[in-house]
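J.: Sending over a structure as structure tokens; questions will come in a sec.
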Amino acid sequence: MILDELKAFNRYLDLNPLFPAVAEFLSKTDLSTLPTGITKIQGDDLFVNIQDAPVKTRTQARFETHRRMIDIQIPISAAEVHGWAPASQLPVAPYNAESDMTLHDPETPKTPVDIATTYFTLCPGQFAIYFPTDGHAPAITDTPLRKAIFKVRV
């Protein structure tokens, strides 16, 4: 996982061959003007999903992981809290190949709060990069949230 300010994104361009295209898109695009939904940048290898996330508590948040894609998450309208845990420490759950997502729900009586090793606040102007080894429970907020999630092929 990487956390930083958007103005520092260029530091990470060597981590993935598609990151330069993310940087170029960010330099030319006001994320707040994009419509809700998916905007393709380089087909299925690189796209951004603009979402309107509802209010969600730490207990309601669901941990997720991805196998084929890296997430770059950027809050647009307000700050959001994210939970993080190594994927290796999350409960085993079925993988959905179509959505490239595993939702790791702890067994009762545990909640996502019990498995998170870290919580942090991500503010507009910042980003979080999640690799396949990063379990994340994003969009924990007490106010509706508009956010961008770049999906980048590993």
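Order determines the names: the first chain of the structure tokens is A, the second B, and so forth; residues in each chain are numbered 1 upward, and ligands are numbered 1 upward as they are shown.
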Determine, counting only C-alpha atoms, which protein, DNA and RNA residues have an atom within 12 Å of an atom of Glu24 of chain A; residues of the same chain fewer than 4 positions away are not included. Present the result as a ChimeraX atom specification.
T.: /A:9-10,13,18-20,28-30,41
J.: With only C-alpha atoms as the counted atoms, please give the residues lying no more than 10 Å from Pro17 of chain A, apart from itself and same-chain residues fewer than 4 positions off, as a count of residues only.
T.: 6
J.: Go ahead and compute the interatomic distance for atom CA of Gly135 of chain A and atom CA of Phe63 of chain A, in Å to one decimal.
T.: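 Atom CA of Phe63 of chain A lies 6.0 Å from atom CA of Gly135 of chain A.
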J.: As a ChimeraX atom specification, please: the residues near segment 119-132 of chain A (cut-off 10 Å, only C-alpha atoms, same-chain neighbours under 2 positions excluded).
T.: /A:1-9,12,58,64-87,113,116-117,134-141,147-152,154
J.: Could you write out the selected residues, including C-alpha atoms, as a PDB file, in the first residue's frame?
T.:
ATOM      1  CA  MET A   1       0.000   0.000   0.000  1.00  0.00           C
ATOM      2  CA  ILE A   2       1.122   3.535  -0.730  1.00  0.00           C
ATOM      3  CA  LEU A   3      -0.378   6.759   0.646  1.00  0.00           C
ATOM      4  CA  ASP A   4       0.660  10.161  -0.644  1.00  0.00           C
ATOM      5  CA  GLU A   5      -0.479  13.477  -2.067  1.00  0.00           C
ATOM      6  CA  LEU A   6      -1.636  13.605  -5.685  1.00  0.00           C
ATOM      7  CA  LYS A   7       1.045  16.178  -6.514  1.00  0.00           C
ATOM      8  CA  ALA A   8       3.625  13.475  -5.669  1.00  0.00           C
ATOM      9  CA  PHE A   9       2.117  10.725  -7.865  1.00  0.00           C
ATOM     10  CA  TYR A  12       5.603   6.081  -8.364  1.00  0.00           C
ATOM     11  CA  ARG A  58     -16.156   0.680  10.210  1.00  0.00           C
ATOM     12  CA  GLU A  64     -11.760  -6.555  -0.425  1.00  0.00           C
ATOM     13  CA  THR A  65      -8.783  -7.746  -2.442  1.00  0.00           C
ATOM     14  CA  HIS A  66      -8.082  -7.979  -6.170  1.00  0.00           C
ATOM     15  CA  ARG A  67      -5.867 -10.348  -8.126  1.00  0.00           C
ATOM     16  CA  ARG A  68      -5.548  -8.761 -11.580  1.00  0.00           C
ATOM     17  CA  MET A  69      -5.889  -5.069 -10.824  1.00  0.00           C
ATOM     18  CA  ILE A  70      -4.282  -2.414  -8.638  1.00  0.00           C
ATOM     19  CA  ASP A  71      -6.615   0.160  -7.070  1.00  0.00           C
ATOM     20  CA  ILE A  72      -5.677   3.813  -6.917  1.00  0.00           C
ATOM     21  CA  GLN A  73      -8.336   5.420  -4.737  1.00  0.00           C
ATOM     22  CA  ILE A  74      -8.860   9.183  -4.629  1.00  0.00           C
ATOM     23  CA  PRO A  75     -11.584  10.920  -2.605  1.00  0.00           C
ATOM     24  CA  ILE A  76     -13.101  13.842  -4.505  1.00  0.00           C
ATOM     25  CA  SER A  77     -15.794  15.431  -2.333  1.00  0.00           C
ATOM     26  CA  ALA A  78     -14.746  14.660   1.240  1.00  0.00           C
ATOM     27  CA  ALA A  79     -12.355  12.680   3.413  1.00  0.00           C
ATOM     28  CA  GLU A  80     -12.877   8.975   3.898  1.00  0.00           C
ATOM     29  CA  VAL A  81     -11.460   6.427   6.302  1.00  0.00           C
ATOM     30  CA  HIS A  82      -9.887   3.232   5.001  1.00  0.00           C
ATOM     31  CA  GLY A  83      -9.153   0.035   6.857  1.00  0.00           C
ATOM     32  CA  TRP A  84      -6.096  -1.960   5.825  1.00  0.00           C
ATOM     33  CA  ALA A  85      -4.810  -5.462   6.563  1.00  0.00           C
ATOM     34  CA  PRO A  86      -2.447  -7.793   4.731  1.00  0.00           C
ATOM     35  CA  ALA A  87      -4.438  -9.992   2.359  1.00  0.00           C
ATOM     36  CA  VAL A 113     -12.912  -3.799  12.875  1.00  0.00           C
ATOM     37  CA  ALA A 116      -8.101  -4.312  10.367  1.00  0.00           C
ATOM     38  CA  THR A 117      -4.521  -3.690  11.399  1.00  0.00           C
ATOM     39  CA  ASP A 134      -3.382  -5.301   0.311  1.00  0.00           C
ATOM     40  CA  GLY A 135      -6.740  -5.942   1.903  1.00  0.00           C
ATOM     41  CA  HIS A 136      -8.707  -2.712   2.077  1.00  0.00           C
ATOM     42  CA  ALA A 137     -12.030  -1.532   3.463  1.00  0.00           C
ATOM     43  CA  PRO A 138     -12.544   1.884   1.829  1.00  0.00           C
ATOM     44  CA  ALA A 139     -15.210   4.589   1.881  1.00  0.00           C
ATOM     45  CA  ILE A 140     -15.866   4.661   5.608  1.00  0.00           C
ATOM     46  CA  THR A 141     -17.566   8.002   6.007  1.00  0.00           C
ATOM     47  CA  LYS A 147     -14.561   9.260  -5.236  1.00  0.00           C
ATOM     48  CA  ALA A 148     -12.413   8.005  -8.104  1.00  0.00           C
ATOM     49  CA  ILE A 149     -11.007   4.495  -8.262  1.00  0.00           C
ATOM     50  CA  PHE A 150      -8.438   3.861 -10.955  1.00  0.00           C
ATOM     51  CA  LYS A 151      -8.177   0.190 -11.893  1.00  0.00           C
ATOM     52  CA  VAL A 152      -4.727  -0.669 -13.260  1.00  0.00           C
ATOM     53  CA  VAL A 154      -1.006  -5.704 -12.590  1.00  0.00           C
TER      54      VAL A 154
END
J.: Among chain A, which ones does DSSP assign to alpha helix (DSSP H) (computed from the backbone)? Answer as a list of chain:residue names.
T.: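 Going through chain A, the alpha helix (DSSP H) residues come out as A:Phe19, A:Pro20, A:Ala21, A:Val22, A:Ala23, A:Glu24, A:Phe25, A:Leu26, A:Ser27, A:Lys28, A:Pro112, A:Val113, A:Asp114, A:Ile115.
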J.: Rounded to one decimal in Å, what is the spacing between atom CA of Val48 of chain A and atom CA of Thr33 of chain A?
T.: 12.7 Å
J.: Near Asp52 of chain A, within 9 Å and counting only C-alpha atoms, which residues show up once chain neighbours fewer than 3 positions away are dropped, as a short mmCIF file (atom, residue, chain, number, x, y, z; two decimals) with N, CA and C atoms, in the first residue's frame?
T.:
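As written to disk, selection-v1.cif reads:
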data_model
loop_
_atom_site.label_atom_id
_atom_site.label_comp_id
_atom_site.auth_asym_id
_atom_site.auth_seq_id
_atom_site.Cartn_x
_atom_site.Cartn_y
_atom_site.Cartn_z
N THR A 36 -20.56 9.71 -13.16
CA THR A 36 -20.54 8.50 -12.36
C THR A 36 -20.42 7.30 -13.29
N PRO A 144 -22.13 11.36 2.59
CA PRO A 144 -21.99 10.78 1.25
C PRO A 144 -20.69 11.25 0.60
N LEU A 145 -20.09 10.39 -0.20
CA LEU A 145 -18.75 10.61 -0.72
C LEU A 145 -18.70 10.34 -2.21
N ARG A 146 -18.10 11.24 -2.95
CA ARG A 146 -17.80 11.01 -4.37
C ARG A 146 -16.30 10.72 -4.45
N LYS A 147 -15.96 9.66 -5.18
CA LYS A 147 -14.56 9.26 -5.24
C LYS A 147 -14.23 8.66 -6.59
#
J.: What does the distance between atom CA of Pro54 of chain A and atom CA of Thr143 of chain A come to in Å, to one decimal place?
T.: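 Atom-to-atom, atom CA of Pro54 of chain A and atom CA of Thr143 of chain A are spaced 7.3 Å apart.
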J.: With only C-alpha atoms as the atoms that count, which of A:Gln51, A:Thr118, A:Thr102, A:Asn16 lies nearest to Leu31 of chain A?
T.: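 Closest to Leu31 of chain A, using only C-alpha atoms: A:Gln51.
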